[in-house]
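Reading through the structure tokens given below for one structure.
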Number of protein chains: 4
Amino acid sequence: MAKLGVGVVGAGRMGRCHAENLRSRIPEAKLIAVADVDLEAARRLAADLEIEHSYPSVEALVERKDIDAVVIASPSKFHLAAVETAAAARKHILCEKPLAMTLEGVDAAIAAARKSHIVLQVGFMRRYDPAYSEAHRRIEAGEIGTPIIFKAIGRDREPPPLSFYKSGSGTLFLDSTIHEFDLARWLMRDEVLEVHAFGGMLANPEIAKLGELDAGIVNLRFEGGAIGNVESFRQSRYGYDIFTEVVGSKATLRIGYLRQTALSVLTADGVSHDVVDHFLVRFADAYLNEVRDFVQRILAEKPASVTGEDARKALAIALAADASQRQSRSVLVPPQMQTEMANSR
Amino acid sequence: MAKLGVGVVGAGRMGRCHAENLRSRIPEAKLIAVADVDLEAARRLAADLEIEHSYPSVEALVERKDIDAVVIASPSKFHLAAVETAAAARKHILCEKPLAMTLEGVDAAIAAARKSHIVLQVGFMRRYDPAYSEAHRRIEAGEIGTPIIFKAIGRDREPPPLSFYKSGSGTLFLDSTIHEFDLARWLMRDEVLEVHAFGGMLANPEIAKLGELDAGIVNLRFEGGAIGNVESFRQSRYGYDIFTEVVGSKATLRIGYLRQTALSVLTADGVSHDVVDHFLVRFADAYLNEVRDFVQRILAEKPASVTGEDARKALAIALAADASQRQSRSVLVPPQMQTEMANSR
Amino acid sequence: MAKLGVGVVGAGRMGRCHAENLRSRIPEAKLIAVADVDLEAARRLAADLEIEHSYPSVEALVERKDIDAVVIASPSKFHLAAVETAAAARKHILCEKPLAMTLEGVDAAIAAARKSHIVLQVGFMRRYDPAYSEAHRRIEAGEIGTPIIFKAIGRDREPPPLSFYKSGSGTLFLDSTIHEFDLARWLMRDEVLEVHAFGGMLANPEIAKLGELDAGIVNLRFEGGAIGNVESFRQSRYGYDIFTEVVGSKATLRIGYLRQTALSVLTADGVSHDVVDHFLVRFADAYLNEVRDFVQRILAEKPASVTGEDARKALAIALAADASQRQSRSVLVPPQMQTEMANSR
Amino acid sequence: MAKLGVGVVGAGRMGRCHAENLRSRIPEAKLIAVADVDLEAARRLAADLEIEHSYPSVEALVERKDIDAVVIASPSKFHLAAVETAAAARKHILCEKPLAMTLEGVDAAIAAARKSHIVLQVGFMRRYDPAYSEAHRRIEAGEIGTPIIFKAIGRDREPPPLSFYKSGSGTLFLDSTIHEFDLARWLMRDEVLEVHAFGGMLANPEIAKLGELDAGIVNLRFEGGAIGNVESFRQSRYGYDIFTEVVGSKATLRIGYLRQTALSVLTADGVSHDVVDHFLVRFADAYLNEVRDFVQRILAEKPASVTGEDARKALAIALAADASQRQSRSVLVPPQMQTEMANSR
């Protein structure tokens, strides 16, 4: 079998995760090179994974003929440029979310991919988590009847470092809640029509100083009449808590868990156990499944299962939530809002 | 010790619950009589509890000199009249929620109680549930730091009978979510400033025909900046699910459970257990503790711990949620809204 | 309806529990009197429950014509004499376990009851717990297939006071594990044929000084070939932990829970909750259901559902476990052992 | 860094697991070759992992100079011969349990390793599971006080294929319960002095025809006085259930979980979730950590952390349990029993 040659853009935490999976756990892929503007970081990652090539730029990396596809895991604000460069070089693309920071950006990315006839997949990896995937399967099979209410919580144990905010990560809704917005569409099998958001700078003064929310709560109304609510919080302290619930007319599904180690401690003070602490732990399987699916679909000449259009729709909801929170009113998502929002940024 | 003579108004499900507790589980109280416009129902309840007196009206019941206090558990729309009658007869009052259907009504009830120098307690029984009570104690003690996010779910297994709606129960937010609004104030130690609500007629066509919501979701913004969300749903099918979470700057508390019987069944299809099915099961202890506290406070000449003012504030939030849902915009709670809302009904 | 007149023997913790239930929660019963050799204790209990009569002895209590039945909750070593006295006076009997300390004693109690044509029920109250009762129902209905393995744990949070041991409570197996032996027979629908026990004086030096085990572990072999194991421990510190499992050829049932308050605390150290702490909490429903069934069966002229024969068989297993532990060998239960054991004590 | 050259003996399920970990997840190791008497199986595994060399025998594999260490994962009855061959060729050895089927065999393996100055590690992989490892750490740190009671359950969802039994797998206690015997020693920090076992052929007639137990239950007495019980069952149907509990004088630890997918399904019939189904799922981390520790210790010239002596002691307990079950009596483990047992086989 011919292997798919893959390059990874970004040698940070996420880039390393993807590179490790490609290096040793996806037999159909061959990791060729990694790139990072911090060339030293790229070299370290290449050395750790025992591959030969590292580059200081996407441009340099995509010059290689033996690279068929790239995984883009650079900071969010560089996603679009990397996508355009890779697409121009006719490399298939798996890009971390958000695909771009504006709807025009997403549209440009989609257009670039379409022009080059490449696969463009977006990194909503939760769809590849076994629990979310099984939930989706059951909903598709009609097991819960009609989805009626969507609820989700996304809490980090500790906020990302301040450097993350300064690198242009996007707002809370755009960087973090966007995962829940994607799940809302995917699991409810419906589009979000209207949102209302409250936000807070409640837990972390450092983040507040940057003018960024550390907590947000978004009411959702779907086209078909269903309702929902999504919460994001940057600093739970107790753990990385990703919880989603789909209430259906016949049954309800809950996805999520808090426990990390299979150990309970029983003392005179009660029963206790630890909590999963990080998304790379919680979603280790999801990241692996995601990049495997990306590779296998390219080799099978199938379209991506998570598309630029998915990225666009989740971003539109996030931008509407931003607008709602700033303007203290409920905001319609498509189509008028999308344009308005895009223009206003 | 002289016992407190008590009469119960309303021989329905809730009236029976209170009467049973007073009859046999509160040694400081003596259940004297029950009243119901359906005199037969009152007589049956009296017979079942082996007490002598039953009456067809509050008026008749409060004529008894040996009755010091009444518990009002008639349909919601009759609460105010019963309160005014009992207050005029100088009987202490524990009234089921909502105290009245409008803010003016609540004000009238409060004024009547004040004029007669009686205790007026409102039936937010959840404050007496051991788990909620312990949560409140911990929050008061500072164990979770500053409360930041409030989340609550209130789901019935099956909706109340249609006759309940026709009896003038009030809207979903006013009849059901009002419990969560009270908890929000009590546990967050703050007042709700602004709400935004979406509602749905999603699960039960019979309820939809009556023009009533069966699902609602309400974003909350507190005066101190904290945020929250509350959901109510009439027909979960899987059980009676009351869940509350208070996220604090140091720790998080979760109150609620789904399990009823301490039995797990393990088969090739997985592990399963049953779910608590009814509020009289979930809150059996709370109802007992509530009425005991009512009795003991009167005997000790202490003021009520859950007051008319509490009823007023929870009602104001519920009315704001109603307005928000109807008008599709976020609505401020006090003070302007309260008057507007009151007037609009 | 004529009510069943009942007297309670023993004004300690268990006597009070039964008396309270009879006084106010069993409409078919009328609590007439309580007796205790400590007459002051009897008087206090009578006063607390607002009943008129208290006596210093079973003999005095059973002289009352208006007493149809007695509940015996005195220390274990006095059970047999109280049963014989009550039976001679033709009072129906609900006696706490163990019915007697020897098999001859049990035989004498059974004979006395038979001679007087009275109902003799034994206090294996767990059979009345909703979870155990539901498990039994499912097993009877064939839902788990053939029962194959029986497992049980019975742990006290703290040991009973030393005075309890000195009052002649019987050994660990006879006083505590006897509950699990009864459950083993009842849930497995089979008789225990052979046992092997190890014991320890491991946690509490005060109990060790009295020569009593604080921990014991008993292997079981059933007549039909099934196997099992039962553990008892006096001092878990973390809570009152009663857990039973029946593994069947098709499904497995687990009965038990640790949680008391429906509150979880989430901190940087993990998730924790409290644990049920006492048998009067864990089995509050069971004790009520037990005495209600006793009363209702007498009124309906039905035989007891938990019989003297059940007491005899559980005691035989306990005595065999004692012998096994002392002699460090496995011991057959019936029939030879029973006689041998009975003789050896 | 020079890598450790490793060969894997046995191309079945366990051999594949080890080979995959060595191939791609242990950077310090280089997987050189695999061997299996079924050369086709060896070739398939080599091809899947993209390594060059496959052999039909241990003898052929250990001739390679670039192989420093071997992992032995052939059927149990061939372990000893493979160990002796590898030791003679001066290859370090990680051998699956049991190291040999008799105590003499274990002694011979230990002697061979000692003579060649190689590392001999035994595959009690549970010690490397994060939950067991953390439990051990806490016990060593004194967090639970003195260990008092040891409890363990080991249940397979479905029994191994009949071919497994026919390949000479050893008895239930020797093949399966031996894991629990090792944990008992390791977690209780004590040696087992005496055992008593009941066994059954209860669930699976095919296994019964082979004269093998499908269920067994073993009482344990430790040298220091602690007691315990271990159960093994081949056919739970509901899942792969590995549960261990260490009750200490101050606190209790429980290790184990049933859940596989982080999904709960809530319907009118209750709440349900799936169960972990296989040891390769439950102990995936443990197998990886185990072989990584093996490799790292060799490179660091450290002794094995799980030794031949550990294998010997766990086997002695298993043999004693076999004897107890056959003879229906309790049996002392060391030292007399060991020799007796060894001789009797």
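Here, A, B, ... name the chains of the structure tokens in the order displayed, residue numbers run from 1 inside each chain, and ligands are numbered from 1 in the same displayed order.
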
Query raised in the report: Mind checking DSSP for region 67-310 of chain C and telling me the helix (DSSP H, G or I) residues as a PyMOL selection string?
Result: chain C and resi 76-88+103-116+125-128+130-140+162-166+172-188+205-209+279-282+284-299+308-310

List the spatial neighbours of Lys115 (chain D) as a short mmCIF file (atom, residue, chain, number, x, y, z; two decimals) with C-alpha atoms, in the first residue's frame - criterion: any atom at most 10 Å away, only C-alpha atoms, same-chain residues fewer than 6 positions off excluded.
```
data_model
loop_
_atom_site.label_atom_id
_atom_site.label_comp_id
_atom_site.auth_asym_id
_atom_site.auth_seq_id
_atom_site.Cartn_x
_atom_site.Cartn_y
_atom_site.Cartn_z
CA ALA D 87 18.49 -17.01 29.22
CA ALA D 88 21.07 -19.36 27.73
CA ARG D 90 21.88 -14.09 27.46
CA ALA D 109 13.68 -20.20 35.42
#
```

Could I get the residues of chain B with an atom no further than 10 Å from an atom of chain A, each paired with its nearest atom pair and that distance in Å to one decimal, using only C-alpha atoms, sorted by chain and residue number, as a Markdown table?
```
| residue | atom | partner | partner_atom | distance |
| --- | --- | --- | --- | --- |
| B:Thr146 | CA | A:Ala203 | CA | 8.8 |
| B:Pro147 | CA | A:Leu202 | CA | 9.2 |
| B:Ile148 | CA | A:Leu202 | CA | 6.4 |
| B:Ile149 | CA | A:Ala215 | CA | 8.2 |
| B:Lys151 | CA | A:Glu231 | CA | 9.4 |
| B:Glu194 | CA | A:Phe198 | CA | 9.7 |
| B:Val195 | CA | A:Phe198 | CA | 9.4 |
| B:His196 | CA | A:His196 | CA | 7.1 |
| B:Ala197 | CA | A:Asn219 | CA | 7.7 |
| B:Phe198 | CA | A:Ile227 | CA | 6.8 |
| B:Gly199 | CA | A:Ile227 | CA | 7.1 |
| B:Gly200 | CA | A:Gly225 | CA | 6.7 |
| B:Met201 | CA | A:Gly225 | CA | 8.2 |
| B:Leu202 | CA | A:Ile148 | CA | 6.4 |
| B:Ala203 | CA | A:Ser249 | CA | 5.9 |
| B:Asn204 | CA | A:Ser249 | CA | 8.9 |
| B:Ala215 | CA | A:Ile227 | CA | 8.2 |
| B:Gly216 | CA | A:Ile227 | CA | 7.7 |
| B:Ile217 | CA | A:Gly228 | CA | 7.0 |
| B:Val218 | CA | A:Asn219 | CA | 7.5 |
| B:Asn219 | CA | A:Asn219 | CA | 6.6 |
| B:Leu220 | CA | A:Phe198 | CA | 7.7 |
| B:Arg221 | CA | A:Phe198 | CA | 7.0 |
| B:Gly224 | CA | A:Leu202 | CA | 9.7 |
| B:Gly225 | CA | A:Gly200 | CA | 6.6 |
| B:Ala226 | CA | A:Gly200 | CA | 6.8 |
| B:Ile227 | CA | A:Phe198 | CA | 6.8 |
| B:Gly228 | CA | A:Ile217 | CA | 7.0 |
| B:Asn229 | CA | A:Ile217 | CA | 7.3 |
| B:Val230 | CA | A:Asn229 | CA | 9.0 |
| B:Glu231 | CA | A:Asn229 | CA | 8.6 |
| B:Phe233 | CA | A:Ile149 | CA | 9.0 |
| B:Gln235 | CA | A:Ser249 | CA | 8.2 |
| B:Ser236 | CA | A:Val247 | CA | 7.6 |
| B:Arg237 | CA | A:Lys250 | CA | 7.0 |
| B:Tyr238 | CA | A:Ala251 | CA | 7.1 |
| B:Val247 | CA | A:Ser236 | CA | 7.6 |
| B:Gly248 | CA | A:Ser236 | CA | 8.2 |
| B:Ser249 | CA | A:Ala203 | CA | 5.9 |
| B:Lys250 | CA | A:Arg237 | CA | 7.0 |
| B:Ala251 | CA | A:Tyr238 | CA | 7.1 |
| B:Thr252 | CA | A:Tyr238 | CA | 7.7 |
| B:Ser328 | CA | A:Ser330 | CA | 7.2 |
| B:Arg329 | CA | A:Ser330 | CA | 5.8 |
| B:Ser330 | CA | A:Arg329 | CA | 5.8 |
| B:Val331 | CA | A:Arg329 | CA | 9.0 |
```

Put those residues in a file: N, CA and C atoms, as a short mmCIF file (atom, residue, chain, number, x, y, z; two decimals), in the first residue's frame.
```
data_model
loop_
_atom_site.label_atom_id
_atom_site.label_comp_id
_atom_site.auth_asym_id
_atom_site.auth_seq_id
_atom_site.Cartn_x
_atom_site.Cartn_y
_atom_site.Cartn_z
N THR B 146 -16.21 32.60 45.97
CA THR B 146 -17.30 33.42 45.43
C THR B 146 -18.12 32.60 44.44
N PRO B 147 -19.45 32.56 44.61
CA PRO B 147 -20.28 31.89 43.60
C PRO B 147 -20.20 32.62 42.27
N ILE B 148 -19.95 31.89 41.20
CA ILE B 148 -19.69 32.48 39.89
C ILE B 148 -20.75 32.11 38.86
N ILE B 149 -21.12 30.83 38.85
CA ILE B 149 -22.08 30.34 37.86
C ILE B 149 -23.13 29.50 38.57
N LYS B 151 -26.32 26.89 37.82
CA LYS B 151 -26.97 26.06 36.81
C LYS B 151 -28.04 25.21 37.48
N GLU B 194 -31.16 40.35 35.39
CA GLU B 194 -31.62 40.30 34.01
C GLU B 194 -31.79 38.84 33.59
N VAL B 195 -32.79 38.59 32.77
CA VAL B 195 -33.02 37.23 32.29
C VAL B 195 -33.25 37.24 30.78
N HIS B 196 -32.98 36.08 30.20
CA HIS B 196 -33.38 35.86 28.81
C HIS B 196 -33.91 34.44 28.71
N ALA B 197 -35.07 34.28 28.13
CA ALA B 197 -35.69 32.96 28.08
C ALA B 197 -36.11 32.57 26.67
N PHE B 198 -35.85 31.31 26.34
CA PHE B 198 -36.49 30.67 25.20
C PHE B 198 -37.45 29.63 25.75
N GLY B 199 -38.55 29.43 25.04
CA GLY B 199 -39.50 28.40 25.47
C GLY B 199 -39.88 27.53 24.30
N GLY B 200 -40.46 26.39 24.62
CA GLY B 200 -40.87 25.51 23.55
C GLY B 200 -42.12 24.72 23.91
N MET B 201 -42.87 24.36 22.88
CA MET B 201 -43.97 23.40 23.04
C MET B 201 -43.52 22.19 22.24
N LEU B 202 -42.76 21.34 22.88
CA LEU B 202 -41.93 20.41 22.13
C LEU B 202 -42.31 18.95 22.31
N ALA B 203 -42.79 18.62 23.48
CA ALA B 203 -42.93 17.20 23.78
C ALA B 203 -44.38 16.76 23.85
N ASN B 204 -45.24 17.65 24.26
CA ASN B 204 -46.59 17.22 24.59
C ASN B 204 -47.63 18.08 23.86
N ALA B 215 -41.30 23.28 27.80
CA ALA B 215 -39.86 23.39 28.02
C ALA B 215 -39.46 24.86 28.00
N GLY B 216 -38.55 25.21 28.86
CA GLY B 216 -38.07 26.58 28.88
C GLY B 216 -36.65 26.64 29.39
N ILE B 217 -35.93 27.64 28.93
CA ILE B 217 -34.52 27.74 29.29
C ILE B 217 -34.23 29.23 29.51
N VAL B 218 -33.66 29.54 30.66
CA VAL B 218 -33.57 30.94 31.08
C VAL B 218 -32.13 31.28 31.46
N ASN B 219 -31.54 32.20 30.72
CA ASN B 219 -30.25 32.74 31.11
C ASN B 219 -30.43 33.76 32.23
N LEU B 220 -29.50 33.76 33.18
CA LEU B 220 -29.58 34.66 34.33
C LEU B 220 -28.32 35.51 34.42
N ARG B 221 -28.53 36.77 34.75
CA ARG B 221 -27.38 37.62 35.11
C ARG B 221 -27.66 38.21 36.49
N GLY B 224 -24.21 40.98 41.07
CA GLY B 224 -22.77 40.99 41.31
C GLY B 224 -21.95 40.56 40.12
N GLY B 225 -22.61 40.24 39.01
CA GLY B 225 -21.86 39.86 37.81
C GLY B 225 -21.90 38.38 37.48
N ALA B 226 -22.28 37.56 38.44
CA ALA B 226 -22.36 36.13 38.17
C ALA B 226 -23.41 35.86 37.10
N ILE B 227 -23.28 34.69 36.45
CA ILE B 227 -24.23 34.33 35.40
C ILE B 227 -24.80 32.95 35.69
N GLY B 228 -25.83 32.59 34.94
CA GLY B 228 -26.43 31.29 35.19
C GLY B 228 -27.42 30.90 34.13
N ASN B 229 -27.91 29.68 34.28
CA ASN B 229 -28.95 29.20 33.37
C ASN B 229 -29.80 28.17 34.09
N VAL B 230 -31.08 28.23 33.80
CA VAL B 230 -32.05 27.34 34.43
C VAL B 230 -32.92 26.74 33.34
N GLU B 231 -33.16 25.44 33.44
CA GLU B 231 -34.02 24.77 32.47
C GLU B 231 -35.17 24.07 33.17
N PHE B 233 -38.46 21.35 32.23
CA PHE B 233 -39.02 20.50 31.19
C PHE B 233 -40.07 19.61 31.84
N GLN B 235 -41.60 16.77 30.69
CA GLN B 235 -41.84 15.39 30.29
C GLN B 235 -40.54 14.68 29.92
N SER B 236 -39.71 14.44 30.92
CA SER B 236 -38.41 13.82 30.62
C SER B 236 -38.55 12.34 30.29
N ARG B 237 -39.61 11.74 30.72
CA ARG B 237 -39.86 10.30 30.58
C ARG B 237 -38.94 9.46 31.48
N TYR B 238 -37.67 9.84 31.63
CA TYR B 238 -36.76 8.98 32.40
C TYR B 238 -36.87 9.19 33.90
N VAL B 247 -21.11 26.87 40.83
CA VAL B 247 -19.67 26.91 40.56
C VAL B 247 -19.10 28.10 41.31
N GLY B 248 -18.14 27.84 42.15
CA GLY B 248 -17.50 28.92 42.89
C GLY B 248 -16.07 29.12 42.46
N SER B 249 -15.48 30.18 42.95
CA SER B 249 -14.11 30.47 42.55
C SER B 249 -13.13 29.45 43.11
N LYS B 250 -13.53 28.75 44.19
CA LYS B 250 -12.64 27.74 44.78
C LYS B 250 -13.14 26.31 44.60
N ALA B 251 -14.43 26.13 44.64
CA ALA B 251 -14.97 24.77 44.54
C ALA B 251 -16.36 24.85 43.92
N THR B 252 -16.85 23.69 43.54
CA THR B 252 -18.15 23.59 42.89
C THR B 252 -19.01 22.59 43.66
N SER B 328 -39.09 37.79 23.09
CA SER B 328 -37.82 37.42 22.46
C SER B 328 -36.74 38.48 22.66
N ARG B 329 -36.57 38.89 23.88
CA ARG B 329 -35.49 39.82 24.21
C ARG B 329 -35.11 39.59 25.67
N SER B 330 -33.96 40.08 26.06
CA SER B 330 -33.61 39.95 27.47
C SER B 330 -34.32 41.04 28.25
N VAL B 331 -34.64 40.76 29.50
CA VAL B 331 -35.49 41.63 30.31
C VAL B 331 -34.85 41.84 31.67
#
```

Query raised in the report: Near Lys65 (chain B), within 10 Å and counting only C-alpha atoms, which residues show up once chain neighbours fewer than 2 positions away are dropped, as an MDAnalysis selection string?
Result: chainID B and resid 5 61:63 67:68 89 91

Residue subset to file, keeping N, CA and C atoms, as a CSV table (one decimal), in the first residue's frame:
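The resulting result_34.csv:
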```csv
chain,number,residue,atom,x,y,z
B,5,GLY,N,-51.9,24.2,67.3
B,5,GLY,CA,-53.0,23.7,66.5
B,5,GLY,C,-53.0,24.1,65.0
B,61,LEU,N,-62.9,26.8,58.4
B,61,LEU,CA,-61.8,26.3,59.1
B,61,LEU,C,-61.2,27.3,60.1
B,62,VAL,N,-61.0,28.5,59.6
B,62,VAL,CA,-60.3,29.5,60.5
B,62,VAL,C,-61.1,30.0,61.6
B,63,GLU,N,-62.4,29.6,61.6
B,63,GLU,CA,-63.2,30.1,62.7
B,63,GLU,C,-62.9,29.3,64.0
B,67,ILE,N,-57.3,26.4,66.3
B,67,ILE,CA,-56.3,26.4,65.2
B,67,ILE,C,-55.5,27.7,65.3
B,68,ASP,N,-54.1,27.5,65.4
B,68,ASP,CA,-53.2,28.6,65.5
B,68,ASP,C,-52.6,28.9,64.1
B,89,ALA,N,-58.0,36.2,60.2
B,89,ALA,CA,-58.3,35.4,61.4
B,89,ALA,C,-57.1,35.2,62.3
B,91,LYS,N,-54.3,33.7,61.9
B,91,LYS,CA,-53.7,32.4,61.8
B,91,LYS,C,-52.3,32.5,61.1
```

Query raised in the report: Could you pull the residues within 8 Å of His92 (chain B), counting only C-alpha atoms, minus those fewer than 5 positions along the same chain, as a list in words?
Result: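 Here the qualifying residues turn out to be Asp68, Ala69, Val70, Ala86, Ala87, Ile118, Val119, Leu120 and Ile298 of chain B.
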
Please produce a file of the residues just selected, as a PDB file, in the first residue's frame, where the atoms kept are N, CA and C atoms.
```
ATOM      1  N   ASP B  68     -54.142  27.489  65.397  1.00  0.00           N
ATOM      2  CA  ASP B  68     -53.214  28.620  65.485  1.00  0.00           C
ATOM      3  C   ASP B  68     -52.589  28.947  64.136  1.00  0.00           C
ATOM      4  N   ALA B  69     -52.550  27.936  63.289  1.00  0.00           N
ATOM      5  CA  ALA B  69     -51.813  28.111  62.032  1.00  0.00           C
ATOM      6  C   ALA B  69     -52.462  27.271  60.943  1.00  0.00           C
ATOM      7  N   VAL B  70     -52.304  27.735  59.704  1.00  0.00           N
ATOM      8  CA  VAL B  70     -52.823  26.950  58.584  1.00  0.00           C
ATOM      9  C   VAL B  70     -51.713  26.714  57.555  1.00  0.00           C
ATOM     10  N   ALA B  86     -57.023  33.737  56.093  1.00  0.00           N
ATOM     11  CA  ALA B  86     -56.352  33.208  57.288  1.00  0.00           C
ATOM     12  C   ALA B  86     -55.674  34.326  58.067  1.00  0.00           C
ATOM     13  N   ALA B  87     -55.078  35.261  57.346  1.00  0.00           N
ATOM     14  CA  ALA B  87     -54.414  36.368  58.028  1.00  0.00           C
ATOM     15  C   ALA B  87     -55.429  37.197  58.815  1.00  0.00           C
ATOM     16  N   ILE B 118     -48.728  38.064  61.881  1.00  0.00           N
ATOM     17  CA  ILE B 118     -48.580  36.606  61.836  1.00  0.00           C
ATOM     18  C   ILE B 118     -47.333  36.236  61.045  1.00  0.00           C
ATOM     19  N   VAL B 119     -46.927  34.995  61.237  1.00  0.00           N
ATOM     20  CA  VAL B 119     -45.841  34.432  60.450  1.00  0.00           C
ATOM     21  C   VAL B 119     -46.398  34.034  59.084  1.00  0.00           C
ATOM     22  N   LEU B 120     -45.734  34.460  58.022  1.00  0.00           N
ATOM     23  CA  LEU B 120     -46.099  34.043  56.669  1.00  0.00           C
ATOM     24  C   LEU B 120     -44.881  33.378  56.027  1.00  0.00           C
ATOM     25  N   ILE B 298     -42.881  29.244  64.947  1.00  0.00           N
ATOM     26  CA  ILE B 298     -44.033  29.915  65.564  1.00  0.00           C
ATOM     27  C   ILE B 298     -43.986  29.735  67.083  1.00  0.00           C
TER      28      ILE B 298
END
```

Report task. Could you give me, as an MDAnalysis selection string, the residues within 10 Å of Ala111 (chain D), counting only C-alpha atoms and dropping anything in the same chain fewer than 4 positions from it? Result -> chainID D and resid 84 87 105:107 115:117 308
